Amino acid sequence: MSDGLELVPARAFLDPRPRVRLELQPGDRLVAAAGEAVSTGDVLAERIRDPRLVEVPMPRHAADQVVPLPGTWLPVQHARGGRRAGAPAGELLFEHAGRRRLVTGAHLDLLHAPADGRVVEVEPGAAVVLDFDGPDLCASELLGEPNSGRLVLLPDESDPRLAMDIALAGAVVVIPGRVDAEALTRARAMGIHGAVVESLAERDRRDLAASAARQQAGLHRMAPFGVLVLGGYLRRGLPAAIRAVLEAVAGDVVGLVGDPPLLLLSPRRVLPMPAPDRLLVRGGPEAGREGRWLGPGGYRRLRGGIGSETGLVALDDGRTVAIPIGDLERFVFAAPGG
Amino acid sequence: MPPTLLADPGPDPAQAAPATSWRVSGWPDGGRPEAFLALDRGTATLAGSIVGRVDRRWRLLAATALPAGSDPGALLGLLVDRFRSADPVLAENTLGRPAGGPESVDGWPQLVALSAPAATLAIIAATDRTRARLEEAALGAGWNVVGGSAERTDPLALTRLATRPGVDALLIGVADPPDADERELAAELAVAGAGIAVRRPGLRIFLAGSVPDAPLLDVLRDPAIVRLAAPPRLPGEAAPASLRLALAAARRGPDDGRAALAAAAGSLARVLGLRVEVLDIGVSGAARILASPGPGNDGGIVADVRMLEVPGAALFRIDQPGTIERIDHWFTQGLDRARLRDRLAELALAPWSDLDGDGALLRAAALRAALERLLEASGPTLGDDGVDLVIGTGGAWSAVPGPAAAHIVADVIRRSGAMQVAVDHARLLGPIGTIADDAERDAVCADLAEDALLRLGTIVTPRGLRANRAAGRLEIVSGGVRSEVELVAGGLTLVDLPPGARGTAELAFRGAAELGVRGRRFQVQVTGGLAGLVLDLRDVPLRLPERPDRRREILATWEQALWPEREA
């Protein structure tokens with residue numbers, strides 16, 4: 001490894017064996033069980049769209065039976081002879097003072113497995129935890145819901161609003177250029193399952209969340225849609241290392257998950273790895289450029305009188321510059337489990 | 001009128017630093033180390049220092065800081081190489097001969113302070129009154145808080161609140177003694193808590209007040225339940241300090257950086273004999289610590305140390321109402337609100353990026369706004385009395401030049417009086433604070449105080465002057481040289497007083513002014529620093545024009561005086 005390269009903060013960009021939590025709400029009914037292997041698209045849980053709380057009396061003879069734990073799914077109890085009230089099917093929130101609080105609801109949505117994996121843990125009404133075979137691409141945030149689809153890379157300079165049409169329905173699209181909430185809302189309307197972007201401004205995130213909330217409130221809900229943000233908030237191009245991975249898996253079915261935020265890739269693919277001394281400039285005047293680490297550049301005074309450790313970088317455009325270490329990133333595998 | 005006098009800023013090292021028996025754990029041959037590595041591992045910054053014995057004193061030999069994802073071994077190698085090339089003889093005396101090959105952190109004795117991101121505590125209480133008091137205590141203990149009460153929120157919403165991703169612990173509470181309505185709800189809350197605990201195995205559970213634990217014991221095999229003091233029932237009564245301290249202890253690890261800072265502040269107060277205020281502002285949290293020396297029962301000096309953590313005052317935290325507006329208020333560059341929000345959100349993700357240019361100015365504005373939040377949140381608990389020495393620590397302070405940091409303190413801390421200002425430039429206070437024994441820590445502090453604290457100077461802030469008028473005269477005597485300065489109210493007057501210099505300033509005002517006390521003539525002991533003596537003759541509190549362009553112009557004028565490189 002090059003001299004002093006470890007001074008540069010490492011960005012975990014591939015997770016070798018991720019463990020993923022898919023969030024549930026009280027009232028959601030688990031279909032998958034711990035230890036079960038699942039395939040992409042398998043139903044993991046039935047989600048209640050508008051959960052409501054109902055309070056019902058304990059059934060007769062319930063005191064003699066094993067007390068169900070909170071989170072247990074209880075079947076419907078029919079009313080009998082007008083003397084005993086019935087209870088809808090639902091998840092037990094808790095029992096107290098001779099009455100049960102159940103979470104129930106009418107409209108069901110399905111939570112599908114975003115990739116092939118194995119259920120390792122279920123937390124009723126809280127989460128289902130799965131292991132996936134990596135390596136999978138690390139991101140910074142998933143906006144919206146987990147989903148899966150065939151990965152399609154849109155051209156660099158295209159207007160995403162024009163490039164996204166009904167032919168991409170069911171796909172997960174990579175938008176390498178400028179993107180806004182309008183383009184993402186259009187993608188959702190076209191039946192696209194998700195989008196992968198390098199950055200998204202706060203205003204577009206809020207617009208997208210508001211649009212999703214309106215969809216959620218609708219009676220005829222549209223399919224789940226997720227936007228996976230790989231970087232941050234300021235407009236940036238895709239780093240070459242990430243672009244190379246995405247190009248290698250184009251056409252494969254991929255999954256989007258949010259906890260941790262990842263793009264789940266096919267484990268059968270051999271992924272291109274960047275050279276260890278390959279660097280991305282994250283901020284400052286050279287932001288977005290890439291290059292190769294040459295060594296420590298010493299402690300230097302920057303514009304504005306701030307002092308910082310720097311590194312010497314041979315940029316791809318042929319220049320050698322000293323760049324603050326804080327503006328540099330190198331790409332590494334994530335530590336297993338981390 | 002009585003003068004405002006400041007105590008001596010530092011002890012005579014030869015007298016204050018007795019030969020210490022302190023030993024650093026991990027020293028390879030078990031003997032006394034001649035050097036050790038101090039690491040402050042923050043969420044955004046990895047700060048490292050080599051401290052070694054020179055002439056029987058601990059001295060700071062090398063220090064630097066890197067982004068948190070950097071490797072500590074690489075940082076150590078950089079420091080050792082730099083030290084060896086700067087002073088090979090001293091390096092060989094303290095570190096020994098180069099062993100060849102890269103330096104290994106494991107082979108070095110170390111003092112390590114860790115700062116973890118604030119964890120999230122879900123609070124469910126019987127009533128909104130109790131919830132508010134529990135939240136107050138939890139926020140002061142450094143938790144991020146989500147909360148609800150059975151009085152206003154249904155059990156489903158409470159369960160969703162406590163099982164959402166990111167929640168690390170659950171606090172169920174009623175007041176002590178409970179109201180009649182709370183008594184009825186306590187049992188139901190405990191059952192609801194048991195339901196939450198079943199859904200989230202591993203969730204830490206705290207019970208405050210007379211909440212029964214039987215429902216939890218019924219459903220959990222081996223629950224880790226911690227009982228805490230209940231919040232008071234009477235309106236207006238603050239949550240007890242014991243509750244806050246217990247919640248803080250439950251959140252922190254053994255090497256917690258902020259707890260260590262409090263210990264170090266106590267040592268500084270004892271060693272320097274000064275009332276010390278530490279303002280720690282980082283990317284993941286913030287804390288304000290007050291340490292005051294006083295006589296102990298055994299004739300020695302003890303320090304009264306009080307600390308309040310304020311997660312909401314973290315540097316780039318912009319999720320609270322009005323935060324963006326306050327940063328915009330202090331920012332001297334015009335930027336539309338959406339762009340400003342994106343810049344700050346990006347800095348929260350990559351705190352070390354964009355250090356130069358307007359990135360530095362943005363950080364300075366964010367630091368002012370964070371400091372405002374810290375003082376506002378801690379004021380009711382810690383008060384706003386004057387202190388002798390204000391110390392800035394945490395990543396936020398190291399991203400602005402020293403004189404600019406003094407200006408930030410002057411802008412936000414609007415107390416009439418005089419105070420010395422310094423920054424913990426090498427982030428040494430946290431590691432020093434991890435030394436468990438007070439006497440040993442005091443001895444190390446006595447040795448290292450002057451190296452660890454980068455002196456910025458003295459800020460003198462009189463109140464009650466009439467703006468834009470001749471206010472009086474300053475005579476300063478330092479090093480046998482007397483100089484005079486005419487004072488004009490409404491701005492900053494800077495007097496060059498280099499680091500290490502001390503002097504006496506005599507202020508003669510034309511009318512009565514307040515400088516701790518009201519009067520016309522004052523004598524103030526001042527110490528020098530990178531910013532020198534700053535006479536802040538602006539309004540207390542600071543009044544700025546409402547029009548953004550005019551406000552930016554006047555702020556930039558003041559900023560330019562103490563930060564001339566800002567336009568470079």
# chains A, B, ... in the order shown; residues from 1 in each chain; ligands from 1
$ residues_around --residues "Ala449 (chain B)" --least-positions-apart "2" --cutoff "10 Å" --atoms "only C-alpha atoms" --output "ChimeraX atom specification"
/B:10-11,13,58-60,267-268,271-272,424,428-429,442-447,451-454
$ interface_residues --of "chain A" --to "chain B" --cutoff "7 Å" --atoms "only C-alpha atoms" --output "number ranges by chain"
A: 4, 6-10, 25-26, 53, 70-71, 93-94, 96, 123-126, 201-203, 232-234, 282-284, 302-306, 326-327
$ closest_atom_pairs --of "region 96-167 of chain A" --to "region 249-267 of chain A" --cutoff "8 Å" --atoms "only C-alpha atoms" --output "tab-separated table"
residue	atom	partner	partner_atom	distance
A:Pro114	CA	A:Gly255	CA	4.7
A:Ala115	CA	A:Gly255	CA	5.7
A:Phe132	CA	A:Leu264	CA	8.0
A:Asp133	CA	A:Pro267	CA	5.9
A:Gly134	CA	A:Pro267	CA	5.5
A:Pro135	CA	A:Pro267	CA	6.5
A:Asp136	CA	A:Leu264	CA	4.9
A:Leu137	CA	A:Leu263	CA	5.0
A:Cys138	CA	A:Leu262	CA	4.7
A:Ala139	CA	A:Pro261	CA	5.2
A:Ser140	CA	A:Pro261	CA	5.9
A:Glu141	CA	A:Pro261	CA	5.3
A:Leu142	CA	A:Gly258	CA	4.7
A:Leu143	CA	A:Gly258	CA	7.7
A:Glu145	CA	A:Val257	CA	7.5
A:Pro146	CA	A:Val257	CA	4.7
A:Asn147	CA	A:Leu256	CA	5.3
A:Ser148	CA	A:Gly255	CA	4.1
A:Gly149	CA	A:Val253	CA	5.0
A:Arg150	CA	A:Val253	CA	4.1
A:Leu151	CA	A:Gly251	CA	5.1
A:Val152	CA	A:Ala250	CA	5.7
A:Leu153	CA	A:Ala250	CA	6.8
$ residues_around --residues "Val526 (chain B)" --least-positions-apart "4" --cutoff "7 Å" --atoms "only C-alpha atoms" --output "ChimeraX atom specification"
/B:458,502-505
$ select_by_dssp --residues "region 341-501 of chain B" --states "helix (DSSP H, G or I)" --output "PyMOL selection string"
chain B and resi 341-349+358-382+395-398+402-412+429-433+438-452
$ write_last_selection --atoms "C-alpha atoms" --output "short mmCIF file (atom, residue, chain, number, x, y, z; two decimals), in the first residue's frame"
data_model
loop_
_atom_site.label_atom_id
_atom_site.label_comp_id
_atom_site.auth_asym_id
_atom_site.auth_seq_id
_atom_site.Cartn_x
_atom_site.Cartn_y
_atom_site.Cartn_z
CA ARG B 341 -29.80 23.65 3.95
CA ASP B 342 -28.11 21.35 1.42
CA ARG B 343 -24.65 22.66 2.29
CA LEU B 344 -25.26 22.04 5.99
CA ALA B 345 -26.75 18.60 5.42
CA GLU B 346 -23.73 17.69 3.29
CA LEU B 347 -21.38 18.93 6.03
CA ALA B 348 -23.22 16.75 8.54
CA LEU B 349 -22.39 13.76 6.32
CA ASP B 358 -16.73 30.03 2.20
CA GLY B 359 -16.90 26.58 3.80
CA ALA B 360 -14.93 28.07 6.69
CA LEU B 361 -17.32 31.02 6.94
CA LEU B 362 -20.30 28.66 6.90
CA ARG B 363 -18.75 26.63 9.72
CA ALA B 364 -18.19 29.82 11.72
CA ALA B 365 -21.85 30.78 11.27
CA ALA B 366 -22.98 27.28 12.23
CA LEU B 367 -20.72 27.43 15.29
CA ARG B 368 -22.27 30.72 16.42
CA ALA B 369 -25.77 29.27 16.04
CA ALA B 370 -24.78 26.06 17.86
CA LEU B 371 -23.23 28.08 20.68
CA GLU B 372 -26.44 30.08 20.99
CA ARG B 373 -28.43 26.85 21.29
CA LEU B 374 -25.98 25.48 23.85
CA LEU B 375 -26.18 28.57 26.06
CA GLU B 376 -29.93 28.86 25.73
CA ALA B 377 -30.55 25.23 26.63
CA SER B 378 -28.08 25.15 29.50
CA GLY B 379 -28.88 28.57 30.97
CA PRO B 380 -31.78 27.47 33.20
CA THR B 381 -29.65 24.70 34.76
CA LEU B 382 -26.15 26.15 34.79
CA GLY B 395 -14.19 19.71 16.21
CA ALA B 396 -16.18 22.88 15.63
CA TRP B 397 -13.51 25.10 17.17
CA SER B 398 -10.59 23.62 15.29
CA GLY B 402 -7.87 31.18 16.61
CA PRO B 403 -8.70 34.91 16.43
CA ALA B 404 -11.94 34.07 14.60
CA ALA B 405 -12.82 31.69 17.44
CA ALA B 406 -12.36 34.55 19.92
CA HIS B 407 -14.68 36.67 17.80
CA ILE B 408 -17.30 33.91 17.84
CA VAL B 409 -17.15 33.83 21.65
CA ALA B 410 -17.48 37.61 21.77
CA ASP B 411 -20.46 37.58 19.41
CA VAL B 412 -22.47 34.99 21.30
CA LEU B 429 -8.48 17.62 27.58
CA GLY B 430 -10.62 14.57 26.85
CA PRO B 431 -7.76 12.05 27.03
CA ILE B 432 -6.33 13.75 30.14
CA GLY B 433 -9.77 13.53 31.72
CA ASP B 438 -7.78 13.35 40.67
CA ALA B 439 -4.27 14.01 41.99
CA GLU B 440 -2.58 12.30 39.08
CA ARG B 441 -4.83 14.10 36.59
CA ASP B 442 -4.14 17.43 38.30
CA ALA B 443 -0.39 16.84 38.04
CA VAL B 444 -0.62 16.08 34.32
CA CYS B 445 -2.90 19.11 33.84
CA ALA B 446 -0.44 21.33 35.66
CA ASP B 447 2.30 20.24 33.28
CA LEU B 448 0.24 20.40 30.12
CA ALA B 449 -2.18 23.29 30.68
CA GLU B 450 -0.16 25.87 28.79
CA ASP B 451 0.59 23.47 25.91
CA ALA B 452 -2.94 22.11 25.68
#
$ residues_around --residues "Ala116 (chain B)" --least-positions-apart "2" --cutoff "7 Å" --atoms "only C-alpha atoms" --output "list in words"
Gly42, Thr43, Leu114 and Ala118 of chain B
$ write_last_selection --atoms "N, CA and C atoms" --output "PDB file, in the first residue's frame"
ATOM      1  N   GLY B  42     -13.430  11.159  18.180  1.00  0.00           N
ATOM      2  CA  GLY B  42     -14.772  11.714  18.067  1.00  0.00           C
ATOM      3  C   GLY B  42     -15.521  11.059  16.927  1.00  0.00           C
ATOM      4  N   THR B  43     -16.781  11.429  16.764  1.00  0.00           N
ATOM      5  CA  THR B  43     -17.551  10.854  15.662  1.00  0.00           C
ATOM      6  C   THR B  43     -17.122  11.447  14.324  1.00  0.00           C
ATOM      7  N   LEU B 114     -13.408   8.659  23.970  1.00  0.00           N
ATOM      8  CA  LEU B 114     -14.316   8.310  22.874  1.00  0.00           C
ATOM      9  C   LEU B 114     -15.576   9.170  22.954  1.00  0.00           C
ATOM     10  N   ALA B 118     -25.055  10.622  19.930  1.00  0.00           N
ATOM     11  CA  ALA B 118     -26.114  10.572  20.939  1.00  0.00           C
ATOM     12  C   ALA B 118     -27.087   9.443  20.607  1.00  0.00           C
TER      13      ALA B 118
END
$ residues_around --residues "region 174-176 of chain A" --least-positions-apart "6" --cutoff "12 Å" --atoms "only C-alpha atoms" --output "ChimeraX atom specification"
/A:149-164,168,183-184,187,192-200,226-231,235-240,242-243,245-247,249-251,254,256,263
$ select_by_dssp --residues "region 55-145 of chain A" --states "strand (DSSP E)" --output "ChimeraX atom specification"
/A:55-57,73-74,90-96,99-104,108-112,117-123,127-132,136-138,141-144
$ residues_around --residues "Leu535 (chain B)" --least-positions-apart "2" --cutoff "7 Å" --atoms "only C-alpha atoms" --output "MDAnalysis selection string"
chainID B and resid 459:461 492:494 533 537
$ write_last_selection --atoms "N, CA and C atoms" --output "PDB file, in the first residue's frame"
ATOM      1  N   ILE B 459     -11.238  38.966  26.412  1.00  0.00           N
ATOM      2  CA  ILE B 459     -12.352  39.774  25.896  1.00  0.00           C
ATOM      3  C   ILE B 459     -12.921  40.581  27.055  1.00  0.00           C
ATOM      4  N   VAL B 460     -12.987  41.888  26.872  1.00  0.00           N
ATOM      5  CA  VAL B 460     -13.572  42.770  27.884  1.00  0.00           C
ATOM      6  C   VAL B 460     -14.839  43.369  27.284  1.00  0.00           C
ATOM      7  N   THR B 461     -15.957  43.128  27.954  1.00  0.00           N
ATOM      8  CA  THR B 461     -17.252  43.557  27.407  1.00  0.00           C
ATOM      9  C   THR B 461     -17.981  44.445  28.411  1.00  0.00           C
ATOM     10  N   LEU B 492     -15.665  46.850  17.806  1.00  0.00           N
ATOM     11  CA  LEU B 492     -14.616  46.094  18.480  1.00  0.00           C
ATOM     12  C   LEU B 492     -13.328  46.911  18.434  1.00  0.00           C
ATOM     13  N   THR B 493     -12.655  47.000  19.551  1.00  0.00           N
ATOM     14  CA  THR B 493     -11.328  47.628  19.583  1.00  0.00           C
ATOM     15  C   THR B 493     -10.311  46.546  19.908  1.00  0.00           C
ATOM     16  N   LEU B 494      -9.317  46.402  19.056  1.00  0.00           N
ATOM     17  CA  LEU B 494      -8.340  45.338  19.228  1.00  0.00           C
ATOM     18  C   LEU B 494      -7.010  45.928  19.672  1.00  0.00           C
ATOM     19  N   LEU B 533      -5.996  41.593  23.083  1.00  0.00           N
ATOM     20  CA  LEU B 533      -7.052  42.112  23.952  1.00  0.00           C
ATOM     21  C   LEU B 533      -8.186  42.621  23.062  1.00  0.00           C
ATOM     22  N   LEU B 537     -17.092  46.778  22.508  1.00  0.00           N
ATOM     23  CA  LEU B 537     -17.882  47.941  22.920  1.00  0.00           C
ATOM     24  C   LEU B 537     -19.244  47.958  22.233  1.00  0.00           C
TER      25      LEU B 537
END
$ residues_around --residues "Gly173 (chain B)" --least-positions-apart "3" --cutoff "8 Å" --atoms "only C-alpha atoms" --output "ChimeraX atom specification"
/B:123-126,130-131,134,186,207-211,230
$ closest_residue --among "B:Val423, B:Arg129, B:Ala262, B:Gly296" --to "Asp179 (chain B)" --atoms "only C-alpha atoms"
B:Arg129
$ atom_distance --atom1 "CA of Ile391 (chain B)" --atom2 "CA of Ala561 (chain B)"
21.5 Å
